[in-house]
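Here is my_file-v8.tsv, consisting of TSV, C-alpha atoms:
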```tsv
chain	number	residue	atom	x	y	z
A	103	MET	CA	-5.63	-14.46	-29.57
A	104	GLU	CA	-7.69	-16.39	-27.09
A	105	GLN	CA	-10.88	-14.46	-26.51
A	106	GLN	CA	-13.10	-15.83	-23.84
A	107	LEU	CA	-16.62	-14.43	-23.81
A	108	THR	CA	-18.75	-13.26	-20.95
A	109	LYS	CA	-21.73	-15.57	-20.49
A	110	TYR	CA	-25.19	-14.29	-19.66
A	111	SER	CA	-28.07	-16.46	-18.53
A	112	ILE	CA	-31.47	-15.38	-17.31
A	113	SER	CA	-33.76	-17.37	-15.08
A	114	GLY	CA	-36.94	-15.64	-13.95
A	115	ASP	CA	-35.99	-12.06	-13.11
A	116	THR	CA	-32.39	-12.91	-12.22
A	117	MET	CA	-29.46	-12.71	-14.57
A	118	VAL	CA	-26.22	-14.57	-13.96
A	119	VAL	CA	-23.20	-12.91	-15.54
A	120	GLU	CA	-20.22	-15.23	-15.79
A	121	LEU	CA	-17.35	-12.80	-16.22
A	122	THR	CA	-14.20	-13.21	-18.25
A	123	LYS	CA	-10.66	-13.60	-16.93
A	124	GLU	CA	-10.07	-9.87	-16.65
A	125	LEU	CA	-12.54	-7.13	-15.84
A	126	ASP	CA	-10.99	-3.80	-16.78
A	127	HIS	CA	-12.10	-0.67	-18.63
A	128	HIS	CA	-11.49	-2.31	-22.00
A	129	ASN	CA	-13.92	-5.18	-21.55
A	130	SER	CA	-16.30	-3.56	-19.09
A	131	VAL	CA	-17.86	-1.42	-21.83
A	132	SER	CA	-19.56	-4.28	-23.70
A	133	ILE	CA	-20.53	-6.07	-20.47
A	134	ARG	CA	-22.25	-2.93	-19.23
A	135	GLU	CA	-24.13	-2.49	-22.49
A	136	GLU	CA	-25.36	-6.08	-22.58
A	137	ILE	CA	-26.54	-6.05	-18.96
A	138	ASP	CA	-28.32	-2.71	-19.40
A	139	ARG	CA	-30.05	-3.96	-22.55
A	140	GLN	CA	-31.54	-6.82	-20.53
A	141	ILE	CA	-32.48	-4.53	-17.64
A	142	TYR	CA	-34.27	-2.08	-19.94
A	143	ASN	CA	-36.07	-4.94	-21.63
A	144	GLY	CA	-37.73	-5.23	-18.26
A	145	LYS	CA	-36.75	-8.82	-17.67
A	146	VAL	CA	-33.98	-8.48	-15.18
A	147	LYS	CA	-34.31	-7.27	-11.61
A	148	ASN	CA	-31.45	-9.07	-9.88
A	149	ILE	CA	-27.91	-9.79	-11.01
A	150	ILE	CA	-25.42	-12.37	-9.83
A	151	PHE	CA	-21.86	-11.70	-10.96
A	152	ASP	CA	-19.92	-14.94	-11.09
A	153	PHE	CA	-16.17	-14.33	-10.78
A	154	LYS	CA	-15.08	-17.98	-11.04
A	155	ASN	CA	-12.95	-17.27	-14.12
A	156	THR	CA	-11.83	-13.80	-13.08
A	157	THR	CA	-8.28	-13.26	-11.90
A	158	PHE	CA	-7.99	-9.51	-12.49
A	159	MET	CA	-10.24	-6.56	-11.77
A	160	ASP	CA	-9.72	-2.83	-11.32
A	161	SER	CA	-11.88	0.19	-10.52
A	162	SER	CA	-13.63	-0.13	-13.88
A	163	GLY	CA	-15.12	-3.41	-12.63
A	164	VAL	CA	-16.20	-1.66	-9.44
A	165	GLY	CA	-17.85	0.96	-11.66
A	166	VAL	CA	-19.82	-1.69	-13.56
A	167	ILE	CA	-21.23	-3.12	-10.34
A	168	LEU	CA	-21.91	0.29	-8.73
A	169	GLY	CA	-23.65	1.51	-11.87
A	170	ARG	CA	-25.91	-1.55	-12.08
A	171	HIS	CA	-26.68	-1.19	-8.37
A	172	ARG	CA	-27.83	2.39	-8.98
A	173	ILE	CA	-30.21	1.25	-11.70
A	174	LEU	CA	-31.58	-1.83	-9.96
A	175	LYS	CA	-32.17	-0.30	-6.54
A	176	ASN	CA	-34.95	1.76	-8.17
A	177	VAL	CA	-36.83	-1.43	-8.97
A	178	GLY	CA	-36.00	-3.10	-5.66
A	179	GLY	CA	-33.48	-5.45	-7.23
A	180	VAL	CA	-30.34	-6.82	-5.64
A	181	ILE	CA	-26.83	-7.63	-6.79
A	182	ALA	CA	-24.80	-10.55	-5.55
A	183	VAL	CA	-21.28	-11.72	-6.32
A	184	THR	CA	-19.94	-15.22	-6.10
A	185	ASN	CA	-16.67	-17.15	-6.47
A	186	VAL	CA	-14.48	-14.12	-5.85
A	187	ASN	CA	-10.78	-14.83	-5.53
A	188	LYS	CA	-8.51	-13.15	-2.99
A	189	ALA	CA	-7.44	-10.25	-5.22
A	190	VAL	CA	-11.00	-9.40	-6.27
A	191	ASP	CA	-12.20	-9.81	-2.68
A	192	ARG	CA	-9.65	-7.21	-1.54
A	193	LEU	CA	-10.88	-4.73	-4.14
A	194	PHE	CA	-14.45	-5.25	-2.97
A	195	MET	CA	-13.47	-4.64	0.64
A	196	ILE	CA	-11.36	-1.54	-0.07
A	197	SER	CA	-14.01	-0.03	-2.32
A	198	GLY	CA	-16.77	-0.68	0.22
A	199	LEU	CA	-18.75	-2.62	-2.37
A	200	TYR	CA	-19.80	-5.26	0.15
A	201	LYS	CA	-22.02	-2.62	1.76
A	202	ILE	CA	-24.31	-2.77	-1.25
A	203	VAL	CA	-23.56	-6.16	-2.74
A	204	GLU	CA	-24.21	-9.52	-1.23
A	205	LYS	CA	-21.46	-12.12	-1.27
A	206	SER	CA	-22.96	-15.48	-1.95
A	207	SER	CA	-21.24	-18.82	-1.72
A	208	GLU	CA	-23.37	-20.41	-4.39
A	209	ILE	CA	-25.61	-19.39	-7.25
B	60	MET	CA	22.97	-1.06	-6.38
B	61	TYR	CA	21.00	-3.08	-8.87
B	62	ARG	CA	19.30	-0.90	-11.47
B	63	ASN	CA	17.20	-1.58	-14.52
B	64	ARG	CA	14.94	0.61	-16.61
B	65	MET	CA	12.49	0.33	-19.45
B	66	TYR	CA	10.44	2.82	-21.36
B	67	LEU	CA	7.73	2.30	-23.90
B	68	GLU	CA	5.06	4.24	-25.68
B	69	PHE	CA	1.75	3.00	-26.93
B	70	GLU	CA	-1.37	4.45	-28.45
B	71	SER	CA	-4.29	5.53	-26.32
B	72	LYS	CA	-6.38	2.40	-26.94
B	73	SER	CA	-8.19	0.50	-24.22
B	74	GLU	CA	-6.72	-2.87	-25.25
B	75	ASN	CA	-3.32	-1.46	-24.24
B	76	GLU	CA	-4.43	-1.31	-20.59
B	77	LYS	CA	-3.81	-5.04	-20.37
B	78	PHE	CA	-0.61	-4.80	-22.39
B	79	ALA	CA	0.72	-2.18	-19.96
B	80	ARG	CA	-0.02	-4.04	-16.73
B	81	VAL	CA	1.23	-7.38	-18.05
B	82	THR	CA	4.42	-5.71	-19.28
B	83	VAL	CA	5.12	-4.13	-15.90
B	84	ALA	CA	4.38	-7.44	-14.17
B	85	ALA	CA	6.90	-9.16	-16.46
B	86	PHE	CA	9.50	-6.45	-15.90
B	87	VAL	CA	9.28	-6.72	-12.11
B	88	THR	CA	9.54	-10.54	-12.11
B	89	ARG	CA	13.25	-10.33	-11.33
B	90	LEU	CA	12.42	-9.04	-7.85
B	91	ASN	CA	10.38	-12.18	-7.15
B	92	PRO	CA	7.21	-10.42	-6.06
B	93	ILE	CA	4.58	-12.49	-4.29
B	94	LEU	CA	1.19	-12.85	-6.00
B	95	GLU	CA	-0.40	-10.15	-3.88
B	96	GLU	CA	2.33	-7.64	-4.78
B	97	LEU	CA	1.91	-8.49	-8.46
B	98	ALA	CA	-1.87	-8.03	-8.23
B	99	ASP	CA	-1.34	-4.67	-6.49
B	100	ILE	CA	1.06	-3.45	-9.17
B	101	LYS	CA	-1.13	-4.64	-12.04
B	102	THR	CA	-4.18	-2.90	-10.60
B	103	ALA	CA	-2.29	0.36	-9.99
B	104	VAL	CA	-0.81	0.36	-13.52
B	105	SER	CA	-4.20	-0.42	-14.99
B	106	GLU	CA	-5.74	2.52	-13.12
B	107	ALA	CA	-3.09	4.99	-14.25
B	108	VAL	CA	-3.19	3.88	-17.88
B	109	THR	CA	-7.00	3.83	-17.92
B	110	ASN	CA	-7.00	7.39	-16.55
B	111	ALA	CA	-4.64	8.50	-19.33
B	112	ILE	CA	-6.90	6.96	-21.98
B	113	VAL	CA	-10.32	7.82	-20.54
B	114	HIS	CA	-9.58	11.21	-19.02
B	115	GLY	CA	-6.26	12.44	-20.44
B	116	TYR	CA	-7.21	11.80	-24.04
B	117	ASN	CA	-10.98	11.59	-23.47
B	118	GLY	CA	-11.11	8.29	-25.36
B	119	GLY	CA	-9.43	9.84	-28.40
B	120	ASP	CA	-6.02	9.57	-30.03
B	121	GLY	CA	-2.80	10.14	-28.16
B	122	THR	CA	0.36	8.50	-26.92
B	123	VAL	CA	0.78	7.07	-23.44
B	124	GLY	CA	4.28	6.78	-21.99
B	125	LEU	CA	5.15	4.03	-19.53
B	126	GLU	CA	8.46	4.02	-17.73
B	127	CYS	CA	9.60	1.51	-15.13
B	128	ILE	CA	12.71	1.78	-13.02
B	129	ILE	CA	13.98	-0.83	-10.61
B	130	GLU	CA	16.47	0.30	-7.98
B	131	ASP	CA	17.38	-2.56	-5.67
B	132	ASN	CA	13.97	-3.82	-4.52
B	133	VAL	CA	12.00	-0.66	-5.35
B	134	LEU	CA	9.87	-0.41	-8.45
B	135	THR	CA	9.00	3.02	-9.81
B	136	VAL	CA	6.27	3.26	-12.45
B	137	ILE	CA	5.67	6.47	-14.37
B	138	VAL	CA	2.62	6.81	-16.58
B	139	GLU	CA	2.46	9.95	-18.69
B	140	ASP	CA	0.01	11.45	-21.15
B	141	LYS	CA	0.02	14.69	-23.11
B	142	GLY	CA	-3.71	15.12	-22.72
B	143	VAL	CA	-6.06	17.62	-21.11
B	144	GLY	CA	-4.49	17.69	-17.66
B	145	ILE	CA	-6.22	17.84	-14.27
B	146	PRO	CA	-7.38	21.27	-13.02
B	147	ASP	CA	-7.69	20.21	-9.37
B	148	ILE	CA	-5.56	17.22	-8.41
B	149	GLU	CA	-6.73	17.03	-4.80
B	150	LYS	CA	-10.34	16.89	-5.95
B	151	ALA	CA	-9.53	14.25	-8.57
B	152	LYS	CA	-7.89	12.09	-5.90
B	153	LYS	CA	-10.93	12.13	-3.65
B	154	PRO	CA	-12.58	8.70	-3.47
B	155	LEU	CA	-15.82	8.51	-5.49
B	156	TYR	CA	-15.11	11.79	-7.27
B	157	THR	CA	-15.36	11.37	-11.03
B	158	THR	CA	-15.88	13.68	-13.97
B	159	LYS	CA	-17.41	10.85	-15.98
B	160	PRO	CA	-20.21	9.23	-13.95
B	161	GLU	CA	-22.14	8.56	-17.16
B	162	GLN	CA	-19.39	6.13	-18.16
B	163	ASP	CA	-19.70	4.37	-14.81
B	164	ARG	CA	-16.30	5.51	-13.65
B	165	SER	CA	-16.26	4.62	-9.98
B	166	GLY	CA	-13.98	7.46	-8.87
B	167	MET	CA	-11.69	4.97	-7.16
B	168	GLY	CA	-8.72	4.91	-9.53
B	169	PHE	CA	-6.42	7.21	-7.55
B	170	MET	CA	-7.54	5.61	-4.29
B	171	PHE	CA	-6.51	2.16	-5.56
B	172	MET	CA	-3.15	3.53	-6.74
B	173	GLU	CA	-2.58	5.03	-3.30
B	174	VAL	CA	-3.62	1.87	-1.46
B	175	PHE	CA	-1.73	-0.59	-3.63
B	176	MET	CA	1.53	1.31	-4.04
B	177	ASP	CA	3.76	2.77	-1.29
B	178	GLU	CA	3.90	6.22	-2.83
B	179	MET	CA	1.98	8.04	-5.51
B	180	GLU	CA	2.50	11.50	-6.91
B	181	VAL	CA	0.47	13.28	-9.58
B	182	ILE	CA	1.94	16.09	-11.63
B	183	SER	CA	-0.45	17.74	-14.04
B	184	GLN	CA	-0.84	20.87	-16.08
B	185	VAL	CA	-4.08	21.80	-17.81
B	186	GLY	CA	-3.66	21.55	-21.56
B	187	LYS	CA	-0.24	19.90	-21.25
B	188	GLY	CA	-0.83	16.51	-19.70
B	189	THR	CA	-0.49	14.39	-16.60
B	190	LYS	CA	2.26	12.32	-15.06
B	191	VAL	CA	1.65	9.74	-12.34
B	192	ILE	CA	4.68	8.49	-10.42
B	193	MET	CA	4.21	5.43	-8.23
B	194	LYS	CA	6.69	3.52	-6.10
B	195	LYS	CA	6.53	0.18	-4.38
B	196	ALA	CA	9.14	-1.77	-2.46
B	197	ILE	CA	8.98	-5.47	-3.27
B	198	GLY	CA	9.41	-7.93	-0.43
B	199	ALA	CA	9.25	-5.17	2.16
B	200	LYS	CA	6.65	-6.79	4.38
```

C-alpha cells encoding of this file:
Amino acid sequence: MEQQLTKYSISGDTMVVELTKELDHHNSVSIREEIDRQIYNGKVKNIIFDFKNTTFMDSSGVGVILGRHRILKNVGGVIAVTNVNKAVDRLFMISGLYKIVEKSSEI
Amino acid sequence: MYRNRMYLEFESKSENEKFARVTVAAFVTRLNPILEELADIKTAVSEAVTNAIVHGYNGGDGTVGLECIIEDNVLTVIVEDKGVGIPDIEKAKKPLYTTKPEQDRSGMGFMFMEVFMDEMEVISQVGKGTKVIMKKAIGAK
C-alpha cells in the first residue's frame, strides 16, 4: 500500500509540517506525537501546516490544530496554514479555526 | 423508485475509518454526486465511524456496522456500534463538547455531521451502543 509520510522541517523556531493526503483520526495520532516532541524539546514556537498534498480532513484534523494552538499560545507562538484546498477551507471556516489560525499564501 | 442497499461490518480499528468513507463514496457514485457532496459525505461518515471507534469502543475491540441505502437520489448512512452508549445525546452534540480533550478531540464531530448531511439522528442506550442515521439528497441544490 502506498504510504506517504508527513514531512517535518524546522528552521529557527518555526516548524513546517507537510501533511499527508488524508488527515483523519487514524493518522493524526502520530502527527500529534511528533509535533509535541519537537515543541517539548523547546525548539519550536510556531507551526506552519502545509496542506498542499491534503485532499481530506475531518474533525480529528481540527483537533490536532486546536490542541497545538492551546500549547503554543502559552509561549506566544502562532500557527499558520497554507495551500488549503476548497474542502479543507470549508472545514476551517465552519469550525471557526480561522479565528485562531492565520491563513498564509506562502511559506 | 430506484433502490439499492449495502451492509458491512468491520473491526473497531482506526485504519477502517478510511475504508468506511471510501466505501460509501464508491457506493454513492451511481447518483453522480459533485465533488463537494462527496467531500461532505466522506467527512460525515468519517466522523460517525471515528466516534464509534474512539468513544463507543474507547479504542478497544468491537464491531462497527455500516449500512447504506439509496432511495432515488437520497442516501441514508447508518453507523452502529455496540459500545458504551451516550448518556446525554444533546450534550454530546454540542459543538466543542468532548469527553476526551486529552486526545485532542475537537468536539466537532456531530456538528460536522449535521452541517454536511441534510438530516442526522442519534439513537443511543448506555451499555448497549449507539446508532447514527444520516440522510443526504444528492443533486438537490

Give me, as a PyMOL selection string, all polymer residues having an atom no more than 7 Å from range 69-80 of chain B, counting all atoms listed in the file and skipping those fewer than 2 positions away in the same chain.
(chain A and resi 127-128) or (chain B and resi 67+82-84+101+104-105+108-109+112+120-124)

Residues around (16.4, -0.7, -11.5), cut-off 9 Å, counting only C-alpha atoms - what are they as a PDB file with C-alpha atoms, keeping the file's coordinate frame?
```pdb
ATOM      1  CA  MET B  60      22.970  -1.060  -6.380  1.00  0.00           C
ATOM      2  CA  TYR B  61      21.000  -3.080  -8.870  1.00  0.00           C
ATOM      3  CA  ARG B  62      19.300  -0.900 -11.470  1.00  0.00           C
ATOM      4  CA  ASN B  63      17.200  -1.580 -14.520  1.00  0.00           C
ATOM      5  CA  ARG B  64      14.940   0.610 -16.610  1.00  0.00           C
ATOM      6  CA  MET B  65      12.490   0.330 -19.450  1.00  0.00           C
ATOM      7  CA  CYS B 127       9.600   1.510 -15.130  1.00  0.00           C
ATOM      8  CA  ILE B 128      12.710   1.780 -13.020  1.00  0.00           C
ATOM      9  CA  ILE B 129      13.980  -0.830 -10.610  1.00  0.00           C
ATOM     10  CA  GLU B 130      16.470   0.300  -7.980  1.00  0.00           C
ATOM     11  CA  ASP B 131      17.380  -2.560  -5.670  1.00  0.00           C
ATOM     12  CA  ASN B 132      13.970  -3.820  -4.520  1.00  0.00           C
ATOM     13  CA  VAL B 133      12.000  -0.660  -5.350  1.00  0.00           C
ATOM     14  CA  LEU B 134       9.870  -0.410  -8.450  1.00  0.00           C
ATOM     15  CA  THR B 135       9.000   3.020  -9.810  1.00  0.00           C
TER      16      THR B 135
END
```

Shortest contact to chain B, candidates A:Val183, A:Met159, A:Val177, A:Val203, atoms counted only C-alpha atoms, goes to A:Met159

Could you give me, as JSON lines, a per-residue list for chain A showing, wherever an atom lies at most 12 Å from an atom of chain B, the closest pair of atoms and their distance in Å to one decimal, using only C-alpha atoms and sorting by chain then residue number from low to high?
```
{"residue": "A:Lys123", "atom": "CA", "partner": "B:Lys77", "partner_atom": "CA", "distance": 11.5}
{"residue": "A:Glu124", "atom": "CA", "partner": "B:Lys77", "partner_atom": "CA", "distance": 8.7}
{"residue": "A:Leu125", "atom": "CA", "partner": "B:Lys77", "partner_atom": "CA", "distance": 10.1}
{"residue": "A:Asp126", "atom": "CA", "partner": "B:Ser105", "partner_atom": "CA", "distance": 7.8}
{"residue": "A:His127", "atom": "CA", "partner": "B:Thr109", "partner_atom": "CA", "distance": 6.8}
{"residue": "A:His128", "atom": "CA", "partner": "B:Ser73", "partner_atom": "CA", "distance": 4.9}
{"residue": "A:Asn129", "atom": "CA", "partner": "B:Glu74", "partner_atom": "CA", "distance": 8.4}
{"residue": "A:Ser130", "atom": "CA", "partner": "B:Asp163", "partner_atom": "CA", "distance": 9.6}
{"residue": "A:Val131", "atom": "CA", "partner": "B:Gln162", "partner_atom": "CA", "distance": 8.5}
{"residue": "A:Ser132", "atom": "CA", "partner": "B:Gln162", "partner_atom": "CA", "distance": 11.8}
{"residue": "A:Ile133", "atom": "CA", "partner": "B:Asp163", "partner_atom": "CA", "distance": 11.9}
{"residue": "A:Arg134", "atom": "CA", "partner": "B:Asp163", "partner_atom": "CA", "distance": 8.9}
{"residue": "A:Glu135", "atom": "CA", "partner": "B:Gln162", "partner_atom": "CA", "distance": 10.7}
{"residue": "A:Thr157", "atom": "CA", "partner": "B:Ala98", "partner_atom": "CA", "distance": 9.1}
{"residue": "A:Phe158", "atom": "CA", "partner": "B:Ala98", "partner_atom": "CA", "distance": 7.6}
{"residue": "A:Met159", "atom": "CA", "partner": "B:Thr102", "partner_atom": "CA", "distance": 7.2}
{"residue": "A:Asp160", "atom": "CA", "partner": "B:Thr102", "partner_atom": "CA", "distance": 5.6}
{"residue": "A:Ser161", "atom": "CA", "partner": "B:Gly168", "partner_atom": "CA", "distance": 5.8}
{"residue": "A:Ser162", "atom": "CA", "partner": "B:Arg164", "partner_atom": "CA", "distance": 6.2}
{"residue": "A:Gly163", "atom": "CA", "partner": "B:Ser165", "partner_atom": "CA", "distance": 8.5}
{"residue": "A:Val164", "atom": "CA", "partner": "B:Ser165", "partner_atom": "CA", "distance": 6.3}
{"residue": "A:Gly165", "atom": "CA", "partner": "B:Ser165", "partner_atom": "CA", "distance": 4.3}
{"residue": "A:Val166", "atom": "CA", "partner": "B:Asp163", "partner_atom": "CA", "distance": 6.2}
{"residue": "A:Ile167", "atom": "CA", "partner": "B:Asp163", "partner_atom": "CA", "distance": 8.9}
{"residue": "A:Leu168", "atom": "CA", "partner": "B:Ser165", "partner_atom": "CA", "distance": 7.2}
{"residue": "A:Gly169", "atom": "CA", "partner": "B:Asp163", "partner_atom": "CA", "distance": 5.7}
{"residue": "A:Arg170", "atom": "CA", "partner": "B:Asp163", "partner_atom": "CA", "distance": 9.0}
{"residue": "A:His171", "atom": "CA", "partner": "B:Asp163", "partner_atom": "CA", "distance": 11.0}
{"residue": "A:Arg172", "atom": "CA", "partner": "B:Asp163", "partner_atom": "CA", "distance": 10.2}
{"residue": "A:Ile173", "atom": "CA", "partner": "B:Asp163", "partner_atom": "CA", "distance": 11.4}
{"residue": "A:Asn187", "atom": "CA", "partner": "B:Glu95", "partner_atom": "CA", "distance": 11.5}
{"residue": "A:Lys188", "atom": "CA", "partner": "B:Glu95", "partner_atom": "CA", "distance": 8.7}
{"residue": "A:Ala189", "atom": "CA", "partner": "B:Ala98", "partner_atom": "CA", "distance": 6.7}
{"residue": "A:Val190", "atom": "CA", "partner": "B:Ala98", "partner_atom": "CA", "distance": 9.4}
{"residue": "A:Asp191", "atom": "CA", "partner": "B:Ala98", "partner_atom": "CA", "distance": 11.9}
{"residue": "A:Arg192", "atom": "CA", "partner": "B:Glu95", "partner_atom": "CA", "distance": 10.0}
{"residue": "A:Leu193", "atom": "CA", "partner": "B:Phe171", "partner_atom": "CA", "distance": 8.3}
{"residue": "A:Phe194", "atom": "CA", "partner": "B:Phe171", "partner_atom": "CA", "distance": 11.2}
{"residue": "A:Met195", "atom": "CA", "partner": "B:Phe171", "partner_atom": "CA", "distance": 11.5}
{"residue": "A:Ile196", "atom": "CA", "partner": "B:Phe171", "partner_atom": "CA", "distance": 8.2}
{"residue": "A:Ser197", "atom": "CA", "partner": "B:Met167", "partner_atom": "CA", "distance": 7.3}
{"residue": "A:Gly198", "atom": "CA", "partner": "B:Met167", "partner_atom": "CA", "distance": 10.6}
{"residue": "A:Leu199", "atom": "CA", "partner": "B:Ser165", "partner_atom": "CA", "distance": 10.8}
```

Keeping only C-alpha atoms, take the residues you just selected and write them out as a PDB file, in the coordinates of the input.
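Here's the written file result.pdb:
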```pdb
ATOM      1  CA  LYS A 123     -10.660 -13.600 -16.930  1.00  0.00           C
ATOM      2  CA  GLU A 124     -10.070  -9.870 -16.650  1.00  0.00           C
ATOM      3  CA  LEU A 125     -12.540  -7.130 -15.840  1.00  0.00           C
ATOM      4  CA  ASP A 126     -10.990  -3.800 -16.780  1.00  0.00           C
ATOM      5  CA  HIS A 127     -12.100  -0.670 -18.630  1.00  0.00           C
ATOM      6  CA  HIS A 128     -11.490  -2.310 -22.000  1.00  0.00           C
ATOM      7  CA  ASN A 129     -13.920  -5.180 -21.550  1.00  0.00           C
ATOM      8  CA  SER A 130     -16.300  -3.560 -19.090  1.00  0.00           C
ATOM      9  CA  VAL A 131     -17.860  -1.420 -21.830  1.00  0.00           C
ATOM     10  CA  SER A 132     -19.560  -4.280 -23.700  1.00  0.00           C
ATOM     11  CA  ILE A 133     -20.530  -6.070 -20.470  1.00  0.00           C
ATOM     12  CA  ARG A 134     -22.250  -2.930 -19.230  1.00  0.00           C
ATOM     13  CA  GLU A 135     -24.130  -2.490 -22.490  1.00  0.00           C
ATOM     14  CA  THR A 157      -8.280 -13.260 -11.900  1.00  0.00           C
ATOM     15  CA  PHE A 158      -7.990  -9.510 -12.490  1.00  0.00           C
ATOM     16  CA  MET A 159     -10.240  -6.560 -11.770  1.00  0.00           C
ATOM     17  CA  ASP A 160      -9.720  -2.830 -11.320  1.00  0.00           C
ATOM     18  CA  SER A 161     -11.880   0.190 -10.520  1.00  0.00           C
ATOM     19  CA  SER A 162     -13.630  -0.130 -13.880  1.00  0.00           C
ATOM     20  CA  GLY A 163     -15.120  -3.410 -12.630  1.00  0.00           C
ATOM     21  CA  VAL A 164     -16.200  -1.660  -9.440  1.00  0.00           C
ATOM     22  CA  GLY A 165     -17.850   0.960 -11.660  1.00  0.00           C
ATOM     23  CA  VAL A 166     -19.820  -1.690 -13.560  1.00  0.00           C
ATOM     24  CA  ILE A 167     -21.230  -3.120 -10.340  1.00  0.00           C
ATOM     25  CA  LEU A 168     -21.910   0.290  -8.730  1.00  0.00           C
ATOM     26  CA  GLY A 169     -23.650   1.510 -11.870  1.00  0.00           C
ATOM     27  CA  ARG A 170     -25.910  -1.550 -12.080  1.00  0.00           C
ATOM     28  CA  HIS A 171     -26.680  -1.190  -8.370  1.00  0.00           C
ATOM     29  CA  ARG A 172     -27.830   2.390  -8.980  1.00  0.00           C
ATOM     30  CA  ILE A 173     -30.210   1.250 -11.700  1.00  0.00           C
ATOM     31  CA  ASN A 187     -10.780 -14.830  -5.530  1.00  0.00           C
ATOM     32  CA  LYS A 188      -8.510 -13.150  -2.990  1.00  0.00           C
ATOM     33  CA  ALA A 189      -7.440 -10.250  -5.220  1.00  0.00           C
ATOM     34  CA  VAL A 190     -11.000  -9.400  -6.270  1.00  0.00           C
ATOM     35  CA  ASP A 191     -12.200  -9.810  -2.680  1.00  0.00           C
ATOM     36  CA  ARG A 192      -9.650  -7.210  -1.540  1.00  0.00           C
ATOM     37  CA  LEU A 193     -10.880  -4.730  -4.140  1.00  0.00           C
ATOM     38  CA  PHE A 194     -14.450  -5.250  -2.970  1.00  0.00           C
ATOM     39  CA  MET A 195     -13.470  -4.640   0.640  1.00  0.00           C
ATOM     40  CA  ILE A 196     -11.360  -1.540  -0.070  1.00  0.00           C
ATOM     41  CA  SER A 197     -14.010  -0.030  -2.320  1.00  0.00           C
ATOM     42  CA  GLY A 198     -16.770  -0.680   0.220  1.00  0.00           C
ATOM     43  CA  LEU A 199     -18.750  -2.620  -2.370  1.00  0.00           C
TER      44      LEU A 199
END
```

One number please: CA of Arg139 in chain A to CA of Asp152 in chain A, in Å, one decimal.
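About the pair CA of Arg139 in chain A and CA of Asp152 in chain A: they are 18.8 Å apart.
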
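Residue nearest Ala151 in chain B within the list B:Val181, B:Leu97, B:Met193, B:Val136: B:Val181 [criterion: smallest interatomic distance, only C-alpha atoms].
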
What separates CA of Val81 in chain B and CA of Ile182 in chain B is a distance of 24.3 Å

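Among the candidates B:Asp140, B:Thr158, B:Met176, B:Glu68, the residue lying nearest to Leu125 in chain B is B:Glu68 (atoms considered: only C-alpha atoms).
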
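Interatomic distance, CA of Met172 in chain B against CA of Ile150 in chain A: 27.5 Å.
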
Which is closest to Val185 in chain B among B:Ala111, B:Ile148, B:Ile197, B:Val143, if we use all atoms listed in the file?
B:Val143

Which residues, written as a list in words, have at least one atom at most 8 Å from Lys147 in chain A, with all atoms listed in the file counted and residues fewer than 3 positions away on the same chain left out?
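Result of the neighbour search: Asp115, Thr116, Met117, Ile141, Gly144, Leu174, Val177, Gly178, Gly179 and Val180 of chain A.
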
Output C-alpha atoms for every residue in that selection, as a PDB file, in the frame of the given file.
```pdb
ATOM      1  CA  ASP A 115     -35.990 -12.060 -13.110  1.00  0.00           C
ATOM      2  CA  THR A 116     -32.390 -12.910 -12.220  1.00  0.00           C
ATOM      3  CA  MET A 117     -29.460 -12.710 -14.570  1.00  0.00           C
ATOM      4  CA  ILE A 141     -32.480  -4.530 -17.640  1.00  0.00           C
ATOM      5  CA  GLY A 144     -37.730  -5.230 -18.260  1.00  0.00           C
ATOM      6  CA  LEU A 174     -31.580  -1.830  -9.960  1.00  0.00           C
ATOM      7  CA  VAL A 177     -36.830  -1.430  -8.970  1.00  0.00           C
ATOM      8  CA  GLY A 178     -36.000  -3.100  -5.660  1.00  0.00           C
ATOM      9  CA  GLY A 179     -33.480  -5.450  -7.230  1.00  0.00           C
ATOM     10  CA  VAL A 180     -30.340  -6.820  -5.640  1.00  0.00           C
TER      11      VAL A 180
END
```

Can you tell me which residues surround Ser207 in chain A at a distance of at most 7 Å, considering only C-alpha atoms, apart from same-chain residues fewer than 2 positions away, and format the answer as a list of chain:residue names?
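Returned residues: A:Thr184, A:Asn185, A:Lys205.
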